[in-house]
Amino acid sequence: MRMLPTQVSWRAYSVAVFVAVVALGATYFLQPWLELRVFPLFFAATAVSAWYGGLRPGLVTTVLSALILNYFFTAPVNTFAIANFSEFLQLLVFCLVTILINSLHATTRAAKHHMERAVAQLQASEAALRESEHRFRHLTDTAPMLVWMSGLDKLCYYFNKGWLDFTGRTMAEEMGNGWLESVHPEDVERCVEIYTRSFEARQDFKMEYRLRRGDGEYRWILDIGVPRYTPEGNFLGYIGSCIDIQDRRQAEAEIRQMNETLEHRVQERTRQLEAANQELESFSYSVSHDLRAPLRHISGFTDLLQKQMDSQDLDVTSQRYLQIIADTTQHAAALVDNLLAFSRMGRAEMRYIKIEMKQLVQEALQDLQLGTTEREIQWQIAELPVVQGDPAMLRLVFQNLLENAIKYSTARNPVQIEIGSTEDAKEVIFFVRDNGIGFNMQYAHKLFGVFQRLHSDPQFEGTGIGLANVQRIVHRHGGRTWAEGAVDQGATFYFSLPKSVDREEANAVEADCVS
């Protein structure tokens, strides 16, 4: 049972008194043989008390021994009086020597106690270190990666089970620089250079190299090294972890090969598409151009036939047939002209300059005033920004959009047409809004297609190419087109232009539009 501090103190003081009494008895018994040398037993008693109990019990024994020597063995005896200075000096020397003995024993006990505590702490630290090392080895041996450690001499002194299982080598074979024997010969110099440079700078590093597996196959691994430090900040070396990235690198190589193959196929298909589009463009231009002469002949001979034949010689049905032939011929001629314009627009070279868009709108309105003099139109034109583009093409955009707005607002009185713009960080958006008959949003995707018309009413003339031309021009400028509307509630047509024009990108977009 472990004693309490009070119990230890009581026993120590009891021993102090006991050894003093024993020394007294022994001195009386041995005095005839001691020849007045009575001090040695009391020195021994003080030493025993100090050794057992420490400084304070030893001092108690010193005091008791001095009193006993003074009372029983110093003349005159049986009194505490001292007869001469010599006797006093002996007692004083006894007290000083015993005090020194007590101090020495106390110092020895304290040193022994501190040593025992230090040994216990050292044993505890060693046990904790062994436990920490055991946990570390267990953690690294069960981790799904390869782990290594190096010291201040740059040499590796530890490899986990995963590394040894991967390489099929022993710890002794891998120690120091032995692990380099498993690195691919083409990667050794690079690995050593990266490791040495990082070690001298004491920085993290990453490197990829090929490591030979136990079956002789080289596998790509990613090695990540991190410097190690003590809690006080002293550098200890490096610890590294490696993972097998062979499958990832193979996948990346396959993806690169697929991308190269795909890019080659895309380029080949693009060339084929460009050739086909050019052929189609040439065919369309040729057909449109060649159709103009027959249509002019039909129209001309129809007029001559109407002039030569008196209207009275023809019945109403015949007159209607001739009129249908004339109207249809004119419509076909207009369609051919628009097709030629659409074809030329795709091949025309663009000229980028700064354009005052409000002035451009005014110029487009001047071209439309002759056909709108008999109608009441309320124009609302906001301030428009300056953009970069081809002025002739963008003027044609506004002409088509404004013609559209006027045409499909025939039934409104007055006609209300608004022209404005908004912008964000990348583009400027222009819009033309009218209060006309609108359209069903279900068919909005057909608006900008060639020959696509949402209204077949005879009062709305047209060929279905105007909005297609708008889209082609805007796309060549790197913008986009769309529309919003509702039946009998008007429509709004939008187109956007980029704020900054990259010439290479613009040329690429133009080439795509042409093709």
# chains A, B, ... in the order shown; residues from 1 in each chain; ligands from 1
>>> select_by_dssp(residues="stretch 63-290 of chain A", states="alpha helix (DSSP H)", output="JSON, numbers by chain")
{"A": [63, 64, 65, 66, 67, 68, 85, 86, 87, 88, 89, 90, 91, 92, 93, 94, 95, 96, 97, 98, 99, 100, 101, 102, 103, 104, 105, 106, 107, 108, 109, 110, 111, 112, 113, 114, 115, 116, 117, 118, 119, 120, 121, 122, 123, 124, 125, 126, 127, 128, 129, 130, 131, 132, 133, 134, 135, 136, 137, 138, 139, 140, 141, 142, 161, 162, 163, 164, 165, 166, 167, 171, 172, 173, 174, 185, 186, 187, 188, 189, 190, 191, 192, 193, 194, 195, 196, 197, 198, 199, 200, 201, 246, 247, 248, 249, 250, 251, 252, 253, 254, 255, 256, 257, 258, 259, 260, 261, 262, 263, 264, 265, 266, 267, 268, 269, 270, 271, 272, 273, 274, 275, 276, 277, 278, 279, 280, 281, 282, 283, 284, 285, 286, 287, 288, 289, 290]}
>>> residues_around(residues="A:Lys358", least_positions_apart="4", cutoff="12 Å", atoms="only C-alpha atoms", output="ChimeraX atom specification")
/A:362-365,380-387,391,394-395,398,419-421,430
>>> atom_distance(atom1="atom CA of A:Arg228", atom2="atom CA of A:Trp179")
20.2 Å
>>> residues_around(residues="A:Phe159", least_positions_apart="6", cutoff="7 Å", atoms="only C-alpha atoms", output="PyMOL selection string")
chain A and resi 147-149+171
>>> residues_around(residues="A:Ser241", least_positions_apart="4", cutoff="8 Å", atoms="only C-alpha atoms", output="PDB file with all heavy atoms, in the first residue's frame")
ATOM      1  N   MET A 145      -0.766   3.288 -50.807  1.00  0.00           N
ATOM      2  CA  MET A 145       0.234   4.076 -51.510  1.00  0.00           C
ATOM      3  C   MET A 145       1.615   3.611 -51.071  1.00  0.00           C
ATOM      4  O   MET A 145       1.763   2.862 -50.108  1.00  0.00           O
ATOM      5  CB  MET A 145       0.058   5.572 -51.228  1.00  0.00           C
ATOM      6  CG  MET A 145       0.187   5.946 -49.770  1.00  0.00           C
ATOM      7  SD  MET A 145      -0.081   7.724 -49.468  1.00  0.00           S
ATOM      8  CE  MET A 145      -1.776   7.885 -49.967  1.00  0.00           C
ATOM      9  N   LEU A 146       2.620   4.076 -51.792  1.00  0.00           N
ATOM     10  CA  LEU A 146       3.998   3.758 -51.476  1.00  0.00           C
ATOM     11  C   LEU A 146       4.587   4.903 -50.657  1.00  0.00           C
ATOM     12  O   LEU A 146       4.466   6.065 -51.048  1.00  0.00           O
ATOM     13  CB  LEU A 146       4.818   3.559 -52.752  1.00  0.00           C
ATOM     14  CG  LEU A 146       4.154   2.759 -53.893  1.00  0.00           C
ATOM     15  CD1 LEU A 146       5.129   2.598 -55.048  1.00  0.00           C
ATOM     16  CD2 LEU A 146       3.664   1.408 -53.403  1.00  0.00           C
ATOM     17  N   VAL A 147       5.213   4.586 -49.514  1.00  0.00           N
ATOM     18  CA  VAL A 147       5.722   5.611 -48.605  1.00  0.00           C
ATOM     19  C   VAL A 147       7.212   5.378 -48.368  1.00  0.00           C
ATOM     20  O   VAL A 147       7.645   4.232 -48.194  1.00  0.00           O
ATOM     21  CB  VAL A 147       4.965   5.593 -47.260  1.00  0.00           C
ATOM     22  CG1 VAL A 147       5.506   6.667 -46.323  1.00  0.00           C
ATOM     23  CG2 VAL A 147       3.467   5.798 -47.482  1.00  0.00           C
ATOM     24  N   TRP A 148       7.987   6.456 -48.354  1.00  0.00           N
ATOM     25  CA  TRP A 148       9.412   6.392 -48.059  1.00  0.00           C
ATOM     26  C   TRP A 148       9.793   7.552 -47.153  1.00  0.00           C
ATOM     27  O   TRP A 148       9.092   8.553 -47.072  1.00  0.00           O
ATOM     28  CB  TRP A 148      10.245   6.435 -49.340  1.00  0.00           C
ATOM     29  CG  TRP A 148       9.984   7.644 -50.203  1.00  0.00           C
ATOM     30  CD1 TRP A 148       9.088   7.751 -51.219  1.00  0.00           C
ATOM     31  CD2 TRP A 148      10.602   8.931 -50.092  1.00  0.00           C
ATOM     32  NE1 TRP A 148       9.103   9.002 -51.759  1.00  0.00           N
ATOM     33  CE2 TRP A 148      10.030   9.756 -51.089  1.00  0.00           C
ATOM     34  CE3 TRP A 148      11.572   9.474 -49.262  1.00  0.00           C
ATOM     35  CZ2 TRP A 148      10.405  11.080 -51.267  1.00  0.00           C
ATOM     36  CZ3 TRP A 148      11.951  10.799 -49.433  1.00  0.00           C
ATOM     37  CH2 TRP A 148      11.363  11.585 -50.442  1.00  0.00           C
ATOM     38  N   ASP A 223       5.228  10.872 -57.375  1.00  0.00           N
ATOM     39  CA  ASP A 223       5.930  10.916 -56.085  1.00  0.00           C
ATOM     40  C   ASP A 223       5.825  12.333 -55.534  1.00  0.00           C
ATOM     41  O   ASP A 223       6.254  13.295 -56.184  1.00  0.00           O
ATOM     42  CB  ASP A 223       7.396  10.520 -56.284  1.00  0.00           C
ATOM     43  CG  ASP A 223       8.088  10.224 -54.956  1.00  0.00           C
ATOM     44  OD1 ASP A 223       7.571  10.659 -53.917  1.00  0.00           O
ATOM     45  OD2 ASP A 223       9.131   9.554 -54.973  1.00  0.00           O
ATOM     46  N   ILE A 224       5.273  12.470 -54.324  1.00  0.00           N
ATOM     47  CA  ILE A 224       5.116  13.772 -53.668  1.00  0.00           C
ATOM     48  C   ILE A 224       5.951  13.756 -52.388  1.00  0.00           C
ATOM     49  O   ILE A 224       5.716  12.937 -51.499  1.00  0.00           O
ATOM     50  CB  ILE A 224       3.649  14.065 -53.333  1.00  0.00           C
ATOM     51  CG1 ILE A 224       2.800  14.029 -54.606  1.00  0.00           C
ATOM     52  CG2 ILE A 224       3.512  15.414 -52.632  1.00  0.00           C
ATOM     53  CD1 ILE A 224       1.321  14.193 -54.353  1.00  0.00           C
ATOM     54  N   GLY A 225       6.951  14.644 -52.299  1.00  0.00           N
ATOM     55  CA  GLY A 225       7.829  14.715 -51.144  1.00  0.00           C
ATOM     56  C   GLY A 225       7.572  15.964 -50.320  1.00  0.00           C
ATOM     57  O   GLY A 225       7.362  17.051 -50.862  1.00  0.00           O
TER      58      GLY A 225
END
>>> residues_around(residues="A:Arg249", least_positions_apart="6", cutoff="10 Å", atoms="only C-alpha atoms", output="list in words")
Arg219, Trp220, Ile221 and Ile255 of chain A
>>> write_last_selection(atoms="N, CA, C and O atoms", output="CSV table (one decimal), in the first residue's frame")
chain,number,residue,atom,x,y,z
A,219,ARG,N,6.0,1.0,-64.2
A,219,ARG,CA,4.8,1.7,-64.1
A,219,ARG,C,5.1,3.1,-63.7
A,219,ARG,O,6.0,3.4,-63.0
A,220,TRP,N,4.3,4.0,-64.3
A,220,TRP,CA,4.4,5.4,-64.0
A,220,TRP,C,3.8,5.7,-62.6
A,220,TRP,O,2.7,5.3,-62.3
A,221,ILE,N,4.6,6.4,-61.7
A,221,ILE,CA,4.1,6.8,-60.4
A,221,ILE,C,4.3,8.3,-60.2
A,221,ILE,O,5.1,8.9,-60.8
A,255,ILE,N,-6.8,9.7,-74.8
A,255,ILE,CA,-7.7,10.9,-75.0
A,255,ILE,C,-7.0,11.8,-76.0
A,255,ILE,O,-7.6,12.4,-76.9
>>> residues_around(residues="stretch 193-200 of chain A", least_positions_apart="2", cutoff="8 Å", atoms="only C-alpha atoms", output="list in words")
Lys154, Glu189, Arg190, Cys191, Arg202, Gln203, Asp204, Phe205, Met207, Pro227, Gly237 and Tyr238 of chain A
>>> residues_around(residues="A:Leu152", least_positions_apart="3", cutoff="8 Å", atoms="only C-alpha atoms", output="PyMOL selection string")
chain A and resi 155+235-237
>>> select_by_dssp(residues="stretch 365-482 of chain A", states="strand (DSSP E or B)", output="ChimeraX atom specification")
/A:377-381,386-389,415-423,427-434,481-482
>>> write_last_selection(atoms="C-alpha atoms", output="short mmCIF file (atom, residue, chain, number, x, y, z; two decimals), in the first residue's frame")
data_model
loop_
_atom_site.label_atom_id
_atom_site.label_comp_id
_atom_site.auth_asym_id
_atom_site.auth_seq_id
_atom_site.Cartn_x
_atom_site.Cartn_y
_atom_site.Cartn_z
CA ILE A 377 -46.09 56.19 -88.47
CA GLN A 378 -44.89 57.23 -85.02
CA TRP A 379 -41.15 56.69 -84.83
CA GLN A 380 -39.44 56.43 -81.45
CA ILE A 381 -35.68 56.31 -81.90
CA VAL A 386 -21.16 53.54 -81.67
CA VAL A 387 -20.13 50.07 -82.83
CA GLN A 388 -17.63 48.48 -85.19
CA GLY A 389 -18.89 46.78 -88.33
CA VAL A 415 -48.20 52.53 -86.66
CA GLN A 416 -45.81 52.63 -83.69
CA ILE A 417 -42.22 51.58 -84.26
CA GLU A 418 -39.53 51.83 -81.59
CA ILE A 419 -35.78 51.49 -82.16
CA GLY A 420 -33.47 51.18 -79.15
CA SER A 421 -30.57 49.33 -77.60
CA THR A 422 -29.23 47.80 -74.39
CA GLU A 423 -25.76 46.57 -73.56
CA GLU A 427 -22.15 43.03 -76.43
CA VAL A 428 -24.59 45.70 -77.58
CA ILE A 429 -28.17 44.58 -78.30
CA PHE A 430 -30.35 46.50 -80.78
CA PHE A 431 -34.09 45.99 -81.17
CA VAL A 432 -36.93 47.05 -83.47
CA ARG A 433 -40.39 46.87 -81.87
CA ASP A 434 -43.74 47.33 -83.65
CA THR A 481 -30.48 37.24 -83.71
CA TRP A 482 -33.79 36.38 -82.04
#
>>> closest_residue(among="A:Met441, A:Val17, A:Val361, A:Ala491", to="A:Ile406", atoms="only C-alpha atoms")
A:Ala491
>>> closest_residue(among="A:Asp187, A:Asp488, A:Asp367, A:Asp390", to="A:Asn440", atoms="only C-alpha atoms")
A:Asp488
